Amino acid sequence: MTSFKEDPVLGSNDMIINKEGSETGSSSRSTVVEKAREEGQSGRDMAPAGNSIHRSASRPQLDLSKAAIQGNFEERDPTILLPNQSDDISHLALDIGGSLIKLVYFSRHEDRSNNDKRTKTLQEKLGISNGSRRSFPVLGGRLHFVKFETTKINECLEFISSKQLHCGGVDACNGLLGASANQNAVIKATGGGAYKFADLFKDRLGVSLDKEDEMDCLVAGANFLLKAIRHEAFTHMEGQKEFVQMDDNDLFPYLLVNIGSGVSMIKVDGDGKFQRVSGTNVGGGTYWGLGKLLTKCKSFDELLELSQRGDNRTIDMLVGDIYGGTDYNKIGLSASTIASSFGKAISEQKELEDYSPEDISLSLLRMISYNIGQISYLNALRFGLKRIFFGGFFIRGHAYTMDTISFAVQFWSKGEMQAMFLRHEGFLGALGAFMSYEKHGLDDLMVHQLVERFPMGAPYTGGKIHGPPLGDLNEKISWMQKFVLKGTEITAPVPMAPPGTTGLGGFEVPSSKGGTLRSDASALNIGVLHLVPTLEVFPLLADLKTYEPNTIDLSDHNELEYWFTVLSDHMPDLVDKAVASEGGTDDAKRRGDAFARAFSAHLARLMEEPAAYGKLGLANLLELREECLREFHFVDVYRTIKQRENEASLAVLPDLLMELDSMTEETRLLTLIEGVLAANIFDWGSRACVELYHKGTIIEIYRMSRNKMQRPWRVDDFDLFKERMLGSGDKKPLPHKRALLFVDNSGADIVLGMLPLARELLRRGTEVVLVANSLPALNDVTAMEVPEIVAEAAKHCDILRRAAEAGGLLVDAMITNSDGAKENSSSVPLMVVANGCGSPCIDLRQVSSELAAAAMEADLIILEGMGRSLHTNFNARFKCDALKLAMVKNQRLAEKLIQGNIYDCVCRYEPAS
């Protein structure tokens, strides 16, 4: 059984049930349950004050009727049984087509509650009441996308049963809903198979299929993806993808062309507003049917594979064939334009067997694709629609098909329209069926609340382990090792069905190795979709529409190859640190080896097709590496190193502060900025810096770096910043109200660089919020680690001590005056918030709700470090003053970004936009 404590789907902090009167008001069974009922009801009836995230009435609701504690109710967190809770089966939806079964299923996030005194104090300082923000149930978890061939429906049923998806997932079946929760259960389903296989689902799983209209689901799924996924829509011309960001306010109307066996063309005017305006019976079924008759192919994929090696000129009549090899310029037709599909067969004295199956397949594909593209354009023209989106089983990520459709739309529209495609196009119906559960609340999730991750293979139960449906991590590693044994044959990982699995996670040699246009070019473009309602847009961005976090353009192949080489070269050192962080055990070595092979496979895939996982930036690559480490259970690779460097830096901090206090105001400010830049040299993500560490201690390197600080720096706006801080002449500016300091590395970087700068701002009456990572990444300091560092530093500094106490960082410290009474400090607070990410970089479109709240009163931002101020956000503009500080530790980045050299310094100050 599971308790309510901070369950991301069903629970809230307001419903923590324990025996302490401060939480429940009474330890009796009846009062405890009644309290839960009252607070659950209030969460439904009242909108929480100060909540910036819109919540619809469709959020998951708790049915607390007849709720009762099960077991010993004197326990601190006794389990509550909800006998009438009906949300248990809303974790799975299916689209059962004639060829494929598509599943969309949900798994909950693990409980990551942190309800200590420090967190409560911070929330009070920022004007956040955790109870009010979490008094409603929140859908927090992952959406997984899986498909099976319909002919293998038994494997699909086994998969559902193994994960207990038909009764709400493993946690629900074995948890608070009880073993009998799936009696009379209903699963949402769409597609013809929802009728055909209804009895089979009832007999095998004991569930009924609630059949949803196929067209309703298709449109609902498309609308959700276009509004909620940042890199969902893309164009595809001549083998090149280009992602298109949709504007929610300008999305409708559009034409949705669903190409299945036949083709439906749907004019979509809004959510739930659509009509089928046209269609054609010449579709995917036509291609497969004629192809089977003409080429004897046994499968749709085999037919597509043949087209990859075909030459349609041997069978299609071209304009050049009619006009003696020349163009027909008067009407704008090139010599290579198809005048008549299969036209040469008329005049040539050949039989069917005289033509290559590859040529026939390609000619057939182009004929049908061009036809669909033309009809689609004409319908868009007919209704005055600006956008056409194509989806359906016929496309299935096939590069040549997309290119052909795109060419047709571009040709007939004279370049005024573009065909667009969807990365999740095969799951539109299943996703729409999933959304038809009334209480999921997906309708009001925003783009910033969804994060897509790309683990190796298919997701395992609960999203904790990825790969084929394996029982534990050891099986996962064994699977990875078997995969790598085939590495010499593999040019890119492509999903297949390994023997003895359900067909969800292995790899095989790609079906095509030719040219730019690959039949499997988009095979791995769907990840696990993390739903995180607590992520928000950073409110101080000057213009969200023009904001682009990545400063390095990886669409340049040479640039991409360079950074892939950097990451590959850094791999051995990273694996060594990862294994050491887990004690160097044999198990850790196996996991380290599996991580290296898995991440290398990701790099190989992206090297072949950079757009396979969506729009690719350097920040995405670095984040992918951190996610891959976590996938193999390496939680904090640099933990020991960070602790050692923190201790060494804290030992010399008192002397540094004494030195700073002896300086004049102007000299001190310059020395502080020099200190931040010098301390930023400590970065275990830089190979040049790793080599430095072998030549001296952390303090020796810091002093060397400080001694070499000579102005002007490569980017040097210090004088502008000094004038804002100190004024000019007799005019003294007002101090900033609140400063957000985005800290970077542990050790000297934060202790000897950013903390002294924070202290100076506090001295001037500015509130300071230290913003750190939510999860570990390289040697970056985390929000969980910063309070301990501050507490140690505060032992030697009254300014830090008073500010840390005011900010709730020293909640347990008893500071007394000579009379023994607690000192009533009026100091401005020093606070710490997590940024919501676990990467060396930060995308300010997706930050924690706490950081967003802290930013509301901020008028100064200081972004420090390569990841946060150079790799990302170097070009970002803000509504408040911004200072970007970093030492460049990569020669390529120095050349590209600042036209400088390694170890050049950046001090970029930008007044409020």
# chains A, B, ... in the order shown; residues from 1 in each chain; ligands from 1
>>> residues_around(residues="Met367 of chain A", least_positions_apart="4", cutoff="12 Å", atoms="only C-alpha atoms", output="VMD selection string")
chain A and resid 282 to 284 286 to 287 290 312 315 to 317 337 to 343 360 to 363 371 to 374 401 404 to 405 408
>>> residues_around(residues="segment 146-149 of chain A", least_positions_apart="5", cutoff="7 Å", atoms="only C-alpha atoms", output="list in words")
Ser99, Leu100, Ile101, Lys102, Leu103, Val104 and Cys156 of chain A
>>> select_by_dssp(residues="segment 324-447 of chain A", states="helix (DSSP H, G or I)", output="PyMOL selection string")
chain A and resi 329-331+344-347+352-354+357-383+399-412+425-435+442-444+447
>>> closest_residue(among="A:Gly808, A:Leu870, A:Gly325, A:Phe564", to="Ala601 of chain A", atoms="only C-alpha atoms")
A:Phe564
>>> closest_atom_pairs(of="segment 401-426 of chain A", to="segment 605-616 of chain A", cutoff="12 Å", atoms="only C-alpha atoms", output="Markdown table")
| residue | atom | partner | partner_atom | distance |
| --- | --- | --- | --- | --- |
| A:Leu422 | CA | A:Gly614 | CA | 10.7 |
| A:Arg423 | CA | A:Gly614 | CA | 8.1 |
| A:His424 | CA | A:Gly614 | CA | 11.0 |
>>> write_last_selection(atoms="all heavy atoms", output="mmCIF file, in the first residue's frame")
data_model
loop_
_atom_site.group_PDB
_atom_site.id
_atom_site.type_symbol
_atom_site.label_atom_id
_atom_site.label_comp_id
_atom_site.auth_asym_id
_atom_site.auth_seq_id
_atom_site.Cartn_x
_atom_site.Cartn_y
_atom_site.Cartn_z
ATOM 1 N N LEU A 422 4.609 15.540 -38.382
ATOM 2 C CA LEU A 422 4.627 15.484 -36.923
ATOM 3 C C LEU A 422 5.490 14.321 -36.456
ATOM 4 O O LEU A 422 5.375 13.211 -36.972
ATOM 5 C CB LEU A 422 3.202 15.321 -36.377
ATOM 6 C CG LEU A 422 2.192 16.394 -36.811
ATOM 7 C CD1 LEU A 422 0.798 16.051 -36.289
ATOM 8 C CD2 LEU A 422 2.620 17.761 -36.313
ATOM 9 N N ARG A 423 6.327 14.560 -35.470
ATOM 10 C CA ARG A 423 7.234 13.524 -34.987
ATOM 11 C C ARG A 423 6.468 12.357 -34.367
ATOM 12 O O ARG A 423 6.887 11.224 -34.442
ATOM 13 C CB ARG A 423 8.211 14.117 -33.974
ATOM 14 C CG ARG A 423 9.198 15.070 -34.614
ATOM 15 C CD ARG A 423 10.104 15.729 -33.595
ATOM 16 N NE ARG A 423 10.728 14.744 -32.759
ATOM 17 C CZ ARG A 423 10.647 14.734 -31.419
ATOM 18 N NH1 ARG A 423 9.953 15.646 -30.801
ATOM 19 N NH2 ARG A 423 11.273 13.819 -30.716
ATOM 20 N N HIS A 424 5.350 12.634 -33.715
ATOM 21 C CA HIS A 424 4.559 11.586 -33.079
ATOM 22 C C HIS A 424 3.356 11.187 -33.937
ATOM 23 O O HIS A 424 2.351 10.690 -33.412
ATOM 24 C CB HIS A 424 4.042 12.065 -31.717
ATOM 25 C CG HIS A 424 5.113 12.258 -30.685
ATOM 26 N ND1 HIS A 424 5.943 13.357 -30.681
ATOM 27 C CD2 HIS A 424 5.479 11.507 -29.624
ATOM 28 C CE1 HIS A 424 6.775 13.282 -29.654
ATOM 29 N NE2 HIS A 424 6.524 12.173 -28.999
#
>>> select_by_dssp(residues="segment 655-886 of chain A", states="strand (DSSP E or B)", output="MDAnalysis selection string")
chainID A and resid 715:716 728 731 738:742 745 767:773 780 782 816 822 830:834 847:848 860:864 872 878 881:886
>>> residues_around(residues="segment 850-857 of chain A", least_positions_apart="6", cutoff="7 Å", atoms="only C-alpha atoms", output="MDAnalysis selection string")
chainID A and resid 126 536 538:540 738 833:835
>>> write_last_selection(atoms="N, CA and C atoms", output="PDB file, in the first residue's frame")
ATOM      1  N   LEU A 126       9.337  33.842  -0.283  1.00  0.00           N
ATOM      2  CA  LEU A 126       8.998  34.119  -1.682  1.00  0.00           C
ATOM      3  C   LEU A 126       7.501  34.308  -1.886  1.00  0.00           C
ATOM      4  N   GLU A 536       7.904  26.207 -15.193  1.00  0.00           N
ATOM      5  CA  GLU A 536       7.322  27.442 -15.695  1.00  0.00           C
ATOM      6  C   GLU A 536       8.316  28.172 -16.583  1.00  0.00           C
ATOM      7  N   PHE A 538      10.597  31.303 -17.353  1.00  0.00           N
ATOM      8  CA  PHE A 538      11.273  32.330 -16.554  1.00  0.00           C
ATOM      9  C   PHE A 538      10.650  33.680 -16.883  1.00  0.00           C
ATOM     10  N   PRO A 539      10.034  34.347 -15.917  1.00  0.00           N
ATOM     11  CA  PRO A 539       9.224  35.537 -16.229  1.00  0.00           C
ATOM     12  C   PRO A 539      10.028  36.770 -16.624  1.00  0.00           C
ATOM     13  N   LEU A 540      11.346  36.755 -16.474  1.00  0.00           N
ATOM     14  CA  LEU A 540      12.145  37.941 -16.777  1.00  0.00           C
ATOM     15  C   LEU A 540      12.729  37.927 -18.183  1.00  0.00           C
ATOM     16  N   ARG A 738      16.441  42.687  -5.488  1.00  0.00           N
ATOM     17  CA  ARG A 738      16.720  41.252  -5.362  1.00  0.00           C
ATOM     18  C   ARG A 738      17.579  40.809  -6.531  1.00  0.00           C
ATOM     19  N   VAL A 833      17.384  28.519  -4.235  1.00  0.00           N
ATOM     20  CA  VAL A 833      16.311  27.823  -4.945  1.00  0.00           C
ATOM     21  C   VAL A 833      16.919  26.889  -5.987  1.00  0.00           C
ATOM     22  N   ALA A 834      16.205  25.818  -6.288  1.00  0.00           N
ATOM     23  CA  ALA A 834      16.600  24.889  -7.351  1.00  0.00           C
ATOM     24  C   ALA A 834      16.075  25.412  -8.674  1.00  0.00           C
ATOM     25  N   ASN A 835      16.873  25.237  -9.739  1.00  0.00           N
ATOM     26  CA  ASN A 835      16.470  25.782 -11.035  1.00  0.00           C
ATOM     27  C   ASN A 835      15.552  24.871 -11.831  1.00  0.00           C
TER      28      ASN A 835
END
>>> atom_distance(atom1="atom CA of Ile898 of chain A", atom2="atom CA of Ile552 of chain A")
12.0 Å
>>> closest_residue(among="A:Pro787, A:Gly765, A:Pro911, A:Pro533", to="Ser827 of chain A", atoms="only C-alpha atoms")
A:Gly765
>>> residues_around(residues="Lys350 of chain A", least_positions_apart="6", cutoff="12 Å", atoms="only C-alpha atoms", output="JSON, numbers by chain")
{"A": [314, 315, 344, 356]}
>>> residues_around(residues="Lys737 of chain A", least_positions_apart="4", cutoff="10 Å", atoms="only C-alpha atoms", output="PyMOL selection string")
chain A and resi 761+764-768+828+857-860
>>> residues_around(residues="segment 862-865 of chain A", least_positions_apart="3", cutoff="8 Å", atoms="only C-alpha atoms", output="ChimeraX atom specification")
/A:680,739-745,868-870,882-887
>>> write_last_selection(atoms="all heavy atoms", output="compact mmCIF listing (two decimals), in the first residue's frame")
# COMPACT_ATOMS: atom_id res chain seq x y z
N ASN A 680 36.04 30.47 -11.82
CA ASN A 680 35.26 29.70 -12.81
C ASN A 680 36.14 28.79 -13.66
O ASN A 680 35.65 28.04 -14.50
CB ASN A 680 34.46 30.65 -13.70
CG ASN A 680 33.47 29.93 -14.60
OD1 ASN A 680 33.49 30.08 -15.82
ND2 ASN A 680 32.61 29.12 -14.02
N ALA A 739 18.61 40.05 -6.25
CA ALA A 739 19.51 39.54 -7.28
C ALA A 739 19.43 38.02 -7.33
O ALA A 739 19.46 37.36 -6.28
CB ALA A 739 20.95 39.98 -7.01
N LEU A 740 19.32 37.49 -8.54
CA LEU A 740 19.37 36.05 -8.76
C LEU A 740 20.76 35.69 -9.25
O LEU A 740 21.18 36.16 -10.31
CB LEU A 740 18.34 35.60 -9.80
CG LEU A 740 16.88 35.93 -9.54
CD1 LEU A 740 16.01 35.40 -10.69
CD2 LEU A 740 16.40 35.35 -8.22
N LEU A 741 21.49 34.90 -8.48
CA LEU A 741 22.84 34.50 -8.85
C LEU A 741 22.83 33.03 -9.27
O LEU A 741 22.66 32.14 -8.45
CB LEU A 741 23.82 34.69 -7.67
CG LEU A 741 24.43 36.08 -7.50
CD1 LEU A 741 23.35 37.13 -7.26
CD2 LEU A 741 25.42 36.09 -6.35
N PHE A 742 22.96 32.78 -10.58
CA PHE A 742 22.97 31.43 -11.12
C PHE A 742 24.39 30.88 -10.94
O PHE A 742 25.29 31.21 -11.71
CB PHE A 742 22.57 31.43 -12.59
CG PHE A 742 21.11 31.69 -12.82
CD1 PHE A 742 20.59 32.98 -12.69
CD2 PHE A 742 20.25 30.66 -13.17
CE1 PHE A 742 19.24 33.22 -12.92
CE2 PHE A 742 18.90 30.89 -13.39
CZ PHE A 742 18.39 32.18 -13.25
N VAL A 743 24.58 30.04 -9.93
CA VAL A 743 25.91 29.53 -9.60
C VAL A 743 26.23 28.33 -10.47
O VAL A 743 25.35 27.66 -11.00
CB VAL A 743 26.01 29.17 -8.11
CG1 VAL A 743 25.84 30.43 -7.26
CG2 VAL A 743 24.97 28.13 -7.71
N ASP A 744 27.54 28.02 -10.56
CA ASP A 744 28.00 26.99 -11.48
C ASP A 744 28.64 25.83 -10.72
O ASP A 744 27.94 24.96 -10.22
CB ASP A 744 28.98 27.61 -12.48
CG ASP A 744 29.36 26.67 -13.62
OD1 ASP A 744 28.74 25.59 -13.75
OD2 ASP A 744 30.28 27.02 -14.38
N ASN A 745 29.95 25.83 -10.58
CA ASN A 745 30.67 24.67 -10.05
C ASN A 745 30.81 24.72 -8.53
O ASN A 745 30.74 25.77 -7.90
CB ASN A 745 32.07 24.60 -10.66
CG ASN A 745 32.01 24.55 -12.19
OD1 ASN A 745 31.30 23.73 -12.76
ND2 ASN A 745 32.75 25.44 -12.83
N ARG A 868 25.82 28.14 -18.45
CA ARG A 868 24.65 29.00 -18.28
C ARG A 868 24.76 30.34 -18.98
O ARG A 868 23.74 30.96 -19.29
CB ARG A 868 24.38 29.20 -16.79
CG ARG A 868 23.95 27.92 -16.09
CD ARG A 868 24.21 27.98 -14.59
NE ARG A 868 23.95 26.67 -13.97
CZ ARG A 868 24.82 25.65 -14.00
NH1 ARG A 868 25.98 25.79 -14.60
NH2 ARG A 868 24.50 24.49 -13.43
N SER A 869 25.99 30.79 -19.22
CA SER A 869 26.13 32.13 -19.81
C SER A 869 26.83 32.14 -21.17
O SER A 869 26.86 33.18 -21.82
CB SER A 869 26.90 33.05 -18.86
OG SER A 869 28.23 32.60 -18.68
N LEU A 870 27.37 30.98 -21.61
CA LEU A 870 28.01 30.93 -22.93
C LEU A 870 27.35 29.88 -23.83
O LEU A 870 26.86 30.18 -24.91
CB LEU A 870 29.51 30.65 -22.79
CG LEU A 870 30.35 31.71 -22.06
CD1 LEU A 870 31.81 31.33 -22.08
CD2 LEU A 870 30.16 33.09 -22.67
N ALA A 882 21.30 42.47 -16.29
CA ALA A 882 21.88 41.13 -16.38
C ALA A 882 23.40 41.24 -16.52
O ALA A 882 23.91 42.06 -17.28
CB ALA A 882 21.30 40.38 -17.57
N LEU A 883 24.10 40.41 -15.76
CA LEU A 883 25.54 40.32 -15.82
C LEU A 883 25.91 38.87 -16.13
O LEU A 883 25.49 37.96 -15.43
CB LEU A 883 26.17 40.74 -14.49
CG LEU A 883 27.70 40.72 -14.41
CD1 LEU A 883 28.31 41.75 -15.36
CD2 LEU A 883 28.18 40.97 -12.98
N LYS A 884 26.71 38.66 -17.19
CA LYS A 884 27.11 37.32 -17.61
C LYS A 884 28.62 37.20 -17.43
O LYS A 884 29.38 37.97 -18.04
CB LYS A 884 26.70 37.06 -19.06
CG LYS A 884 25.18 37.16 -19.27
CD LYS A 884 24.77 37.20 -20.72
CE LYS A 884 23.27 37.41 -20.86
NZ LYS A 884 22.85 37.51 -22.28
N LEU A 885 29.03 36.24 -16.60
CA LEU A 885 30.43 36.08 -16.23
C LEU A 885 30.89 34.66 -16.54
O LEU A 885 30.22 33.70 -16.16
CB LEU A 885 30.63 36.36 -14.74
CG LEU A 885 30.23 37.74 -14.24
CD1 LEU A 885 30.24 37.76 -12.71
CD2 LEU A 885 31.16 38.81 -14.80
N ALA A 886 32.03 34.53 -17.21
CA ALA A 886 32.57 33.20 -17.47
C ALA A 886 34.00 33.28 -17.95
O ALA A 886 34.40 34.27 -18.58
CB ALA A 886 31.72 32.47 -18.52
N MET A 887 34.75 32.24 -17.63
CA MET A 887 36.05 32.04 -18.25
C MET A 887 35.89 30.98 -19.32
O MET A 887 35.35 29.90 -19.06
CB MET A 887 37.09 31.59 -17.22
CG MET A 887 38.45 31.32 -17.85
SD MET A 887 39.68 30.78 -16.65
CE MET A 887 40.07 32.36 -15.90
>>> residues_around(residues="Arg759 of chain A", least_positions_apart="3", cutoff="8 Å", atoms="only C-alpha atoms", output="list in words")
Leu755, Pro756, Leu762, Arg763, Ile799 and Leu800 of chain A
>>> atom_distance(atom1="atom CA of Lys795 of chain A", atom2="atom CA of Val832 of chain A")
17.8 Å
>>> closest_residue(among="A:Ala93, A:Val263, A:Val528, A:Ile388", to="Met435 of chain A", atoms="only C-alpha atoms")
A:Ala93
